[in-house]
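Visitor: Okay, handing you the structure first.
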Amino acid sequence: MSLTLYAHPFSSYCQKALVALYENAIPFHFRLLADAESVAELAALWPLKRFPVLVDEGRVVVEASIIIEHLQLHHPGPVRLLPEDPRVALEVRSLDRFFDNYVSTPQQKIVFDRIRPEADRDPYGVAEARAMLEAAYGWLDGVMAKREWAAGAQFSLADCGAAPFLFYADWTHEIAARFANVRAYRQRLLARPSFARAVDEARPYRKYFPLGAPDRD
Ligand SMILES: N[C@@H](CCC(=O)N[C@@H](CS)C(=O)NCC(=O)O)C(=O)O
């Protein structure tokens, strides 16, 4: 098999890449990062040790967004996750940056703070992260008032990230009822078969969610 994805099913960034793979039914080998050996392989490929990492015929591709761009270029399928029109593609990439920087980054800050030793926790940083999530939900609510998917009518790269990031963001800092468009969008993402599959594959790991996984989704 030419494609190997170094990943863990419970990781949001891995789910982002998995959604793209599942959307186009691209065959790949899932290298589960579950032991010292697999983690050593990852470190040899990418010393920063962040995942997912894709290996395609020996070529190492890092960063979930770039993995999805790589798949579009080298393994295209019926679902175009980067639109042909560069102006629409720019909107897709803009929303993709939004979900990485202003939803996932603060969400991870809150979770990683919880697994630090108590003396090393950063309540000021966590409060900032919660404020950023509130602002992000507010902005996104206005955008999603008129859109089915993040960048418009077509499911795209931006939705691949939005799905896991809003999934875990809601577990971390609940999306309030006043953000009804964001909540409805999160439900649409949960109903998308590619993401529903990723969520199901991650179910066995829910007990490891540092803040405690809610009994839903
Ligand atoms: N910018 C990276 C972020 C990847 C990332 O943060 N992955 C997490 C898993 S969701 C990770 O590698 N965590 C391991 C660690 O922080 O040591 C991307 O877009 O792929």
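Lettering and numbering for the structure tokens are positional, with chains as A, B, ... in the shown order, residues counted from 1 in each chain, and ligands counted from 1 in the shown order.
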Could you list, as a PDB file with all heavy atoms, in the first residue's frame, all protein and nucleic acid residues with an atom at most 8 Å from ligand 1, counting only C-alpha atoms and all ligand atoms?
Guide:
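This went into selection18.pdb:
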```pdb
ATOM      1  N   HIS A   8      -3.503   8.676  15.573  1.00  0.00           N
ATOM      2  CA  HIS A   8      -4.263   8.049  16.651  1.00  0.00           C
ATOM      3  C   HIS A   8      -5.734   8.426  16.449  1.00  0.00           C
ATOM      4  O   HIS A   8      -6.044   9.599  16.183  1.00  0.00           O
ATOM      5  CB  HIS A   8      -3.772   8.519  18.031  1.00  0.00           C
ATOM      6  CG  HIS A   8      -4.342   7.661  19.116  1.00  0.00           C
ATOM      7  ND1 HIS A   8      -5.637   7.812  19.565  1.00  0.00           N
ATOM      8  CD2 HIS A   8      -3.808   6.613  19.784  1.00  0.00           C
ATOM      9  CE1 HIS A   8      -5.875   6.889  20.491  1.00  0.00           C
ATOM     10  NE2 HIS A   8      -4.786   6.150  20.642  1.00  0.00           N
ATOM     11  N   PHE A  10      -8.132   9.063  18.392  1.00  0.00           N
ATOM     12  CA  PHE A  10      -8.767  10.037  19.301  1.00  0.00           C
ATOM     13  C   PHE A  10      -8.246  11.456  19.068  1.00  0.00           C
ATOM     14  O   PHE A  10      -8.756  12.409  19.651  1.00  0.00           O
ATOM     15  CB  PHE A  10      -8.499   9.613  20.754  1.00  0.00           C
ATOM     16  CG  PHE A  10      -9.479  10.174  21.759  1.00  0.00           C
ATOM     17  CD1 PHE A  10     -10.851  10.105  21.549  1.00  0.00           C
ATOM     18  CD2 PHE A  10      -9.032  10.761  22.936  1.00  0.00           C
ATOM     19  CE1 PHE A  10     -11.748  10.624  22.474  1.00  0.00           C
ATOM     20  CE2 PHE A  10      -9.924  11.281  23.878  1.00  0.00           C
ATOM     21  CZ  PHE A  10     -11.285  11.206  23.634  1.00  0.00           C
ATOM     22  N   SER A  11      -7.223  11.604  18.236  1.00  0.00           N
ATOM     23  CA  SER A  11      -6.611  12.915  17.989  1.00  0.00           C
ATOM     24  C   SER A  11      -7.417  13.727  16.983  1.00  0.00           C
ATOM     25  O   SER A  11      -7.765  13.238  15.903  1.00  0.00           O
ATOM     26  CB  SER A  11      -5.185  12.702  17.464  1.00  0.00           C
ATOM     27  OG  SER A  11      -4.864  13.659  16.496  1.00  0.00           O
ATOM     28  N   SER A  12      -7.684  14.975  17.348  1.00  0.00           N
ATOM     29  CA  SER A  12      -8.504  15.818  16.478  1.00  0.00           C
ATOM     30  C   SER A  12      -7.824  16.079  15.133  1.00  0.00           C
ATOM     31  O   SER A  12      -8.475  16.024  14.080  1.00  0.00           O
ATOM     32  CB  SER A  12      -8.810  17.145  17.174  1.00  0.00           C
ATOM     33  OG  SER A  12      -7.613  17.795  17.550  1.00  0.00           O
ATOM     34  N   TYR A  13      -6.522  16.356  15.148  1.00  0.00           N
ATOM     35  CA  TYR A  13      -5.845  16.633  13.871  1.00  0.00           C
ATOM     36  C   TYR A  13      -5.789  15.379  13.002  1.00  0.00           C
ATOM     37  O   TYR A  13      -5.823  15.460  11.769  1.00  0.00           O
ATOM     38  CB  TYR A  13      -4.452  17.223  14.101  1.00  0.00           C
ATOM     39  CG  TYR A  13      -4.507  18.705  14.373  1.00  0.00           C
ATOM     40  CD1 TYR A  13      -4.500  19.206  15.671  1.00  0.00           C
ATOM     41  CD2 TYR A  13      -4.600  19.621  13.319  1.00  0.00           C
ATOM     42  CE1 TYR A  13      -4.572  20.568  15.922  1.00  0.00           C
ATOM     43  CE2 TYR A  13      -4.667  20.986  13.557  1.00  0.00           C
ATOM     44  CZ  TYR A  13      -4.650  21.458  14.865  1.00  0.00           C
ATOM     45  OH  TYR A  13      -4.729  22.808  15.089  1.00  0.00           O
ATOM     46  N   CYS A  14      -5.702  14.211  13.644  1.00  0.00           N
ATOM     47  CA  CYS A  14      -5.736  12.969  12.857  1.00  0.00           C
ATOM     48  C   CYS A  14      -7.118  12.778  12.254  1.00  0.00           C
ATOM     49  O   CYS A  14      -7.258  12.377  11.089  1.00  0.00           O
ATOM     50  CB  CYS A  14      -5.350  11.776  13.736  1.00  0.00           C
ATOM     51  SG  CYS A  14      -3.654  11.898  14.320  1.00  0.00           S
ATOM     52  N   LYS A  49       7.430  15.509  16.152  1.00  0.00           N
ATOM     53  CA  LYS A  49       6.572  14.477  16.755  1.00  0.00           C
ATOM     54  C   LYS A  49       5.105  14.863  16.865  1.00  0.00           C
ATOM     55  O   LYS A  49       4.386  14.357  17.723  1.00  0.00           O
ATOM     56  CB  LYS A  49       7.116  14.049  18.124  1.00  0.00           C
ATOM     57  CG  LYS A  49       8.422  13.290  18.036  1.00  0.00           C
ATOM     58  CD  LYS A  49       8.820  12.691  19.367  1.00  0.00           C
ATOM     59  CE  LYS A  49       9.599  13.687  20.190  1.00  0.00           C
ATOM     60  NZ  LYS A  49      10.170  13.135  21.410  1.00  0.00           N
ATOM     61  N   ARG A  50       4.670  15.797  16.042  1.00  0.00           N
ATOM     62  CA  ARG A  50       3.236  16.083  15.992  1.00  0.00           C
ATOM     63  C   ARG A  50       2.622  15.167  14.943  1.00  0.00           C
ATOM     64  O   ARG A  50       3.265  14.825  13.949  1.00  0.00           O
ATOM     65  CB  ARG A  50       2.972  17.551  15.622  1.00  0.00           C
ATOM     66  CG  ARG A  50       3.376  18.533  16.711  1.00  0.00           C
ATOM     67  CD  ARG A  50       2.465  18.414  17.913  1.00  0.00           C
ATOM     68  NE  ARG A  50       2.701  19.457  18.894  1.00  0.00           N
ATOM     69  CZ  ARG A  50       3.625  19.433  19.852  1.00  0.00           C
ATOM     70  NH1 ARG A  50       4.432  18.394  19.961  1.00  0.00           N
ATOM     71  NH2 ARG A  50       3.746  20.431  20.704  1.00  0.00           N
ATOM     72  N   PHE A  51       1.391  14.801  15.138  1.00  0.00           N
ATOM     73  CA  PHE A  51       0.735  13.923  14.182  1.00  0.00           C
ATOM     74  C   PHE A  51      -0.661  14.477  13.874  1.00  0.00           C
ATOM     75  O   PHE A  51      -1.195  15.259  14.676  1.00  0.00           O
ATOM     76  CB  PHE A  51       0.661  12.486  14.736  1.00  0.00           C
ATOM     77  CG  PHE A  51       0.257  12.377  16.194  1.00  0.00           C
ATOM     78  CD1 PHE A  51      -1.085  12.199  16.546  1.00  0.00           C
ATOM     79  CD2 PHE A  51       1.195  12.454  17.212  1.00  0.00           C
ATOM     80  CE1 PHE A  51      -1.460  12.081  17.875  1.00  0.00           C
ATOM     81  CE2 PHE A  51       0.824  12.342  18.565  1.00  0.00           C
ATOM     82  CZ  PHE A  51      -0.505  12.164  18.884  1.00  0.00           C
ATOM     83  N   PRO A  52      -1.159  14.112  12.672  1.00  0.00           N
ATOM     84  CA  PRO A  52      -0.797  13.023  11.775  1.00  0.00           C
ATOM     85  C   PRO A  52       0.421  13.341  10.906  1.00  0.00           C
ATOM     86  O   PRO A  52       0.726  14.509  10.645  1.00  0.00           O
ATOM     87  CB  PRO A  52      -2.034  12.892  10.884  1.00  0.00           C
ATOM     88  CG  PRO A  52      -2.537  14.296  10.748  1.00  0.00           C
ATOM     89  CD  PRO A  52      -2.291  14.900  12.107  1.00  0.00           C
ATOM     90  N   VAL A  53       1.054  12.263  10.420  1.00  0.00           N
ATOM     91  CA  VAL A  53       2.078  12.335   9.383  1.00  0.00           C
ATOM     92  C   VAL A  53       1.687  11.310   8.326  1.00  0.00           C
ATOM     93  O   VAL A  53       1.334  10.175   8.664  1.00  0.00           O
ATOM     94  CB  VAL A  53       3.478  12.026   9.972  1.00  0.00           C
ATOM     95  CG1 VAL A  53       4.490  11.787   8.860  1.00  0.00           C
ATOM     96  CG2 VAL A  53       3.943  13.167  10.882  1.00  0.00           C
ATOM     97  N   VAL A  62       3.656  16.456   6.302  1.00  0.00           N
ATOM     98  CA  VAL A  62       3.232  16.825   7.658  1.00  0.00           C
ATOM     99  C   VAL A  62       2.222  17.975   7.608  1.00  0.00           C
ATOM    100  O   VAL A  62       2.122  18.666   6.600  1.00  0.00           O
ATOM    101  CB  VAL A  62       4.442  17.239   8.538  1.00  0.00           C
ATOM    102  CG1 VAL A  62       5.408  16.076   8.670  1.00  0.00           C
ATOM    103  CG2 VAL A  62       5.131  18.467   7.991  1.00  0.00           C
ATOM    104  N   GLU A  63       1.506  18.133   8.697  1.00  0.00           N
ATOM    105  CA  GLU A  63       0.459  19.157   8.869  1.00  0.00           C
ATOM    106  C   GLU A  63      -0.829  18.686   8.180  1.00  0.00           C
ATOM    107  O   GLU A  63      -0.849  18.458   6.957  1.00  0.00           O
ATOM    108  CB  GLU A  63       0.868  20.532   8.342  1.00  0.00           C
ATOM    109  CG  GLU A  63       2.016  21.162   9.100  1.00  0.00           C
ATOM    110  CD  GLU A  63       1.621  21.584  10.522  1.00  0.00           C
ATOM    111  OE1 GLU A  63       0.644  22.322  10.683  1.00  0.00           O
ATOM    112  OE2 GLU A  63       2.292  21.147  11.460  1.00  0.00           O
ATOM    113  N   ALA A  64      -1.888  18.571   8.977  1.00  0.00           N
ATOM    114  CA  ALA A  64      -3.139  18.010   8.461  1.00  0.00           C
ATOM    115  C   ALA A  64      -3.642  18.739   7.206  1.00  0.00           C
ATOM    116  O   ALA A  64      -4.082  18.090   6.242  1.00  0.00           O
ATOM    117  CB  ALA A  64      -4.202  18.026   9.560  1.00  0.00           C
ATOM    118  N   SER A  65      -3.559  20.053   7.208  1.00  0.00           N
ATOM    119  CA  SER A  65      -4.055  20.792   6.016  1.00  0.00           C
ATOM    120  C   SER A  65      -3.241  20.440   4.782  1.00  0.00           C
ATOM    121  O   SER A  65      -3.794  20.302   3.677  1.00  0.00           O
ATOM    122  CB  SER A  65      -3.956  22.309   6.235  1.00  0.00           C
ATOM    123  OG  SER A  65      -4.753  22.695   7.317  1.00  0.00           O
ATOM    124  N   ILE A  66      -1.927  20.300   4.963  1.00  0.00           N
ATOM    125  CA  ILE A  66      -1.057  20.004   3.812  1.00  0.00           C
ATOM    126  C   ILE A  66      -1.275  18.558   3.358  1.00  0.00           C
ATOM    127  O   ILE A  66      -1.228  18.261   2.160  1.00  0.00           O
ATOM    128  CB  ILE A  66       0.429  20.267   4.182  1.00  0.00           C
ATOM    129  CG1 ILE A  66       0.601  21.709   4.697  1.00  0.00           C
ATOM    130  CG2 ILE A  66       1.341  20.016   2.985  1.00  0.00           C
ATOM    131  CD1 ILE A  66       0.130  22.789   3.760  1.00  0.00           C
ATOM    132  N   ASP A 100      -8.169  26.034  12.762  1.00  0.00           N
ATOM    133  CA  ASP A 100      -6.913  25.621  13.419  1.00  0.00           C
ATOM    134  C   ASP A 100      -6.525  26.609  14.528  1.00  0.00           C
ATOM    135  O   ASP A 100      -6.235  26.204  15.655  1.00  0.00           O
ATOM    136  CB  ASP A 100      -5.764  25.593  12.404  1.00  0.00           C
ATOM    137  CG  ASP A 100      -5.575  24.233  11.741  1.00  0.00           C
ATOM    138  OD1 ASP A 100      -6.574  23.532  11.500  1.00  0.00           O
ATOM    139  OD2 ASP A 100      -4.419  23.880  11.454  1.00  0.00           O
TER     140      ASP A 100
END
```
Visitor: Which residues come within 8 Å of region 152-169 of chain A, counting only C-alpha atoms, excluding same-chain residues fewer than 3 positions away, as a ChimeraX atom specification?
Guide: /A:12-13,15-17,19-20,65,68,80-83,92-93,95-96,99-100,103-104,107,133,147-149,172-175,186,189-190,195
Visitor: Save the residues we just selected, C-alpha atoms, as a PDB file, in the first residue's frame?
Guide:
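Ended up saving to selection33.pdb:
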```pdb
ATOM      1  CA  SER A  12      -8.504  15.818  16.478  1.00  0.00           C
ATOM      2  CA  TYR A  13      -5.845  16.633  13.871  1.00  0.00           C
ATOM      3  CA  GLN A  15      -9.510  12.955  12.485  1.00  0.00           C
ATOM      4  CA  LYS A  16      -9.169  15.998  10.231  1.00  0.00           C
ATOM      5  CA  ALA A  17      -6.951  13.975   7.853  1.00  0.00           C
ATOM      6  CA  VAL A  19     -12.221  12.702   7.172  1.00  0.00           C
ATOM      7  CA  ALA A  20     -10.453  13.634   3.917  1.00  0.00           C
ATOM      8  CA  SER A  65      -4.055  20.792   6.016  1.00  0.00           C
ATOM      9  CA  ILE A  68      -5.337  17.102   2.628  1.00  0.00           C
ATOM     10  CA  ARG A  80     -13.010  18.009  -4.240  1.00  0.00           C
ATOM     11  CA  LEU A  81     -11.949  19.375  -0.866  1.00  0.00           C
ATOM     12  CA  LEU A  82     -10.118  22.319  -2.486  1.00  0.00           C
ATOM     13  CA  PRO A  83     -12.355  23.965  -5.077  1.00  0.00           C
ATOM     14  CA  VAL A  92     -11.791  27.504   2.110  1.00  0.00           C
ATOM     15  CA  ARG A  93      -8.185  28.068   3.247  1.00  0.00           C
ATOM     16  CA  LEU A  95     -11.832  29.113   7.172  1.00  0.00           C
ATOM     17  CA  ASP A  96      -9.321  26.276   7.582  1.00  0.00           C
ATOM     18  CA  PHE A  99     -10.573  26.498  12.776  1.00  0.00           C
ATOM     19  CA  ASP A 100      -6.913  25.621  13.419  1.00  0.00           C
ATOM     20  CA  VAL A 103     -10.937  26.892  17.686  1.00  0.00           C
ATOM     21  CA  SER A 104      -8.384  24.078  17.974  1.00  0.00           C
ATOM     22  CA  GLN A 107      -9.336  24.112  22.900  1.00  0.00           C
ATOM     23  CA  LEU A 133     -13.447  30.265  21.977  1.00  0.00           C
ATOM     24  CA  ARG A 147     -24.026  28.544   4.962  1.00  0.00           C
ATOM     25  CA  GLU A 148     -24.479  24.799   4.995  1.00  0.00           C
ATOM     26  CA  TRP A 149     -20.734  24.088   5.094  1.00  0.00           C
ATOM     27  CA  THR A 172     -14.195  21.629  26.460  1.00  0.00           C
ATOM     28  CA  HIS A 173     -16.090  24.932  26.498  1.00  0.00           C
ATOM     29  CA  GLU A 174     -19.722  24.301  25.662  1.00  0.00           C
ATOM     30  CA  ILE A 175     -21.177  26.073  22.630  1.00  0.00           C
ATOM     31  CA  ARG A 186     -21.747  20.808  14.489  1.00  0.00           C
ATOM     32  CA  LEU A 189     -20.806  17.552  10.713  1.00  0.00           C
ATOM     33  CA  LEU A 190     -21.614  14.716  13.120  1.00  0.00           C
ATOM     34  CA  PHE A 195     -16.789  12.134  10.348  1.00  0.00           C
TER      35      PHE A 195
END
```
Visitor: Would you mind listing what lies within 10 Å of region 26-34 of chain A as a ChimeraX atom specification, with only C-alpha atoms counted and same-chain residues fewer than 3 positions away left out?
Guide: /A:1-9,18,20-23,37-42,51-56,71,75-77
Visitor: As an mmCIF file with C-alpha atoms, in the first residue's frame, which residues of region 93-193 of chain A does DSSP assign to helix (DSSP H, G or I)?
Guide:
```cif
data_model
loop_
_atom_site.group_PDB
_atom_site.id
_atom_site.type_symbol
_atom_site.label_atom_id
_atom_site.label_comp_id
_atom_site.auth_asym_id
_atom_site.auth_seq_id
_atom_site.Cartn_x
_atom_site.Cartn_y
_atom_site.Cartn_z
ATOM 1 C CA ARG A 93 -8.185 28.068 3.247
ATOM 2 C CA SER A 94 -9.217 31.124 5.245
ATOM 3 C CA LEU A 95 -11.832 29.113 7.172
ATOM 4 C CA ASP A 96 -9.321 26.276 7.582
ATOM 5 C CA ARG A 97 -6.911 28.715 9.280
ATOM 6 C CA PHE A 98 -9.773 29.981 11.457
ATOM 7 C CA PHE A 99 -10.573 26.498 12.776
ATOM 8 C CA ASP A 100 -6.913 25.621 13.419
ATOM 9 C CA ASN A 101 -5.916 28.887 15.077
ATOM 10 C CA TYR A 102 -9.043 30.090 16.852
ATOM 11 C CA VAL A 103 -10.937 26.892 17.686
ATOM 12 C CA SER A 104 -8.384 24.078 17.974
ATOM 13 C CA THR A 105 -5.526 26.081 19.511
ATOM 14 C CA PRO A 106 -7.539 27.452 22.467
ATOM 15 C CA GLN A 107 -9.336 24.112 22.900
ATOM 16 C CA GLN A 108 -6.014 22.270 23.155
ATOM 17 C CA LYS A 109 -4.652 24.919 25.537
ATOM 18 C CA ILE A 110 -7.473 24.181 27.981
ATOM 19 C CA VAL A 111 -7.075 20.399 27.728
ATOM 20 C CA PHE A 112 -3.269 20.365 27.942
ATOM 21 C CA ASP A 113 -3.389 22.692 30.930
ATOM 22 C CA ARG A 114 -5.472 20.096 32.782
ATOM 23 C CA GLU A 118 -1.185 21.460 39.347
ATOM 24 C CA ALA A 119 1.679 23.789 40.261
ATOM 25 C CA ASP A 120 2.454 24.399 36.579
ATOM 26 C CA PRO A 123 -5.239 29.895 34.798
ATOM 27 C CA TYR A 124 -4.634 33.223 33.026
ATOM 28 C CA GLY A 125 -3.856 31.424 29.746
ATOM 29 C CA VAL A 126 -6.885 29.167 30.174
ATOM 30 C CA ALA A 127 -9.156 32.175 30.733
ATOM 31 C CA GLU A 128 -7.738 33.755 27.566
ATOM 32 C CA ALA A 129 -8.375 30.506 25.666
ATOM 33 C CA ARG A 130 -11.996 30.401 26.876
ATOM 34 C CA ALA A 131 -12.479 34.037 25.795
ATOM 35 C CA MET A 132 -11.041 33.195 22.379
ATOM 36 C CA LEU A 133 -13.447 30.265 21.977
ATOM 37 C CA GLU A 134 -16.383 32.518 22.899
ATOM 38 C CA ALA A 135 -15.280 35.080 20.299
ATOM 39 C CA ALA A 136 -14.741 32.336 17.713
ATOM 40 C CA TYR A 137 -18.220 30.856 18.341
ATOM 41 C CA GLY A 138 -19.734 34.331 18.008
ATOM 42 C CA TRP A 139 -18.018 35.110 14.716
ATOM 43 C CA LEU A 140 -18.741 31.656 13.296
ATOM 44 C CA ASP A 141 -22.407 31.891 14.272
ATOM 45 C CA GLY A 142 -22.803 34.890 11.969
ATOM 46 C CA VAL A 143 -20.964 33.130 9.126
ATOM 47 C CA MET A 144 -22.981 29.912 9.455
ATOM 48 C CA LEU A 157 -10.978 21.140 3.628
ATOM 49 C CA ALA A 158 -12.393 23.666 6.100
ATOM 50 C CA ASP A 159 -15.097 21.214 7.195
ATOM 51 C CA CYS A 160 -12.534 18.410 7.650
ATOM 52 C CA GLY A 161 -10.994 20.468 10.473
ATOM 53 C CA ALA A 162 -14.194 22.038 11.717
ATOM 54 C CA ALA A 163 -15.692 18.616 12.440
ATOM 55 C CA PRO A 164 -13.233 17.374 15.099
ATOM 56 C CA PHE A 165 -12.368 20.836 16.401
ATOM 57 C CA LEU A 166 -15.985 21.846 17.105
ATOM 58 C CA PHE A 167 -16.642 18.340 18.418
ATOM 59 C CA TYR A 168 -13.962 18.661 21.100
ATOM 60 C CA ALA A 169 -14.429 22.420 21.588
ATOM 61 C CA ASP A 170 -18.004 21.778 22.708
ATOM 62 C CA TRP A 171 -16.787 19.160 25.181
ATOM 63 C CA THR A 172 -14.195 21.629 26.460
ATOM 64 C CA ALA A 180 -27.629 28.104 17.370
ATOM 65 C CA ASN A 181 -26.034 28.213 13.909
ATOM 66 C CA VAL A 182 -22.766 26.782 15.235
ATOM 67 C CA ARG A 183 -24.601 24.053 17.136
ATOM 68 C CA ALA A 184 -26.620 23.141 14.030
ATOM 69 C CA TYR A 185 -23.442 23.085 11.928
ATOM 70 C CA ARG A 186 -21.747 20.808 14.489
ATOM 71 C CA GLN A 187 -24.724 18.431 14.211
ATOM 72 C CA ARG A 188 -24.475 18.430 10.401
ATOM 73 C CA LEU A 189 -20.806 17.552 10.713
ATOM 74 C CA LEU A 190 -21.614 14.716 13.120
ATOM 75 C CA ALA A 191 -24.098 13.328 10.575
ATOM 76 C CA PRO A 193 -20.600 9.695 7.183
#
```
Visitor: If we count only C-alpha atoms and set the cut-off at 12 Å, which residues sit around Arg206 (chain A), ignoring sequence neighbours fewer than 2 positions away in its own chain? Please answer as a PDB file with C-alpha atoms, in the first residue's frame.
Guide:
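Below you can see part13.pdb, which holds the result:
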```pdb
ATOM      1  CA  PRO A   9      -8.063   7.752  16.303  1.00  0.00           C
ATOM      2  CA  PHE A  10      -8.767  10.037  19.301  1.00  0.00           C
ATOM      3  CA  SER A  11      -6.611  12.915  17.989  1.00  0.00           C
ATOM      4  CA  TYR A 168     -13.962  18.661  21.100  1.00  0.00           C
ATOM      5  CA  TRP A 171     -16.787  19.160  25.181  1.00  0.00           C
ATOM      6  CA  VAL A 199     -16.080   9.519  15.834  1.00  0.00           C
ATOM      7  CA  ASP A 200     -17.069   5.848  16.083  1.00  0.00           C
ATOM      8  CA  GLU A 201     -13.478   4.671  15.722  1.00  0.00           C
ATOM      9  CA  ALA A 202     -12.462   7.001  18.563  1.00  0.00           C
ATOM     10  CA  ARG A 203     -15.229   5.900  20.971  1.00  0.00           C
ATOM     11  CA  PRO A 204     -13.080   3.354  22.860  1.00  0.00           C
ATOM     12  CA  TYR A 208      -8.979   9.292  28.346  1.00  0.00           C
ATOM     13  CA  PHE A 209     -10.427  12.763  27.650  1.00  0.00           C
ATOM     14  CA  PRO A 210      -8.722  14.806  30.384  1.00  0.00           C
ATOM     15  CA  LEU A 211     -11.767  16.939  31.207  1.00  0.00           C
ATOM     16  CA  GLY A 212     -14.104  13.937  31.265  1.00  0.00           C
ATOM     17  CA  ALA A 213     -16.129  13.118  28.159  1.00  0.00           C
ATOM     18  CA  PRO A 214     -19.814  14.092  28.323  1.00  0.00           C
ATOM     19  CA  ASP A 215     -22.391  11.365  27.834  1.00  0.00           C
ATOM     20  CA  ARG A 216     -23.491  12.417  24.324  1.00  0.00           C
ATOM     21  CA  ASP A 217     -22.428  12.550  20.663  1.00  0.00           C
TER      22      ASP A 217
END
```
Visitor: Pull the strand (DSSP E or B) assignments for region 7-215 of chain A out of DSSP run on the backbone, and list those residues as a list in words.
Guide: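 Answer for region 7-215 of chain A, restricted to strand (DSSP E or B): Ala7, His29, Phe30, Arg31, Leu32, Val53, Leu54, Val55, Asp56, Arg59, Val60, Val61, Val62, Trp149 and Gly152 of chain A.
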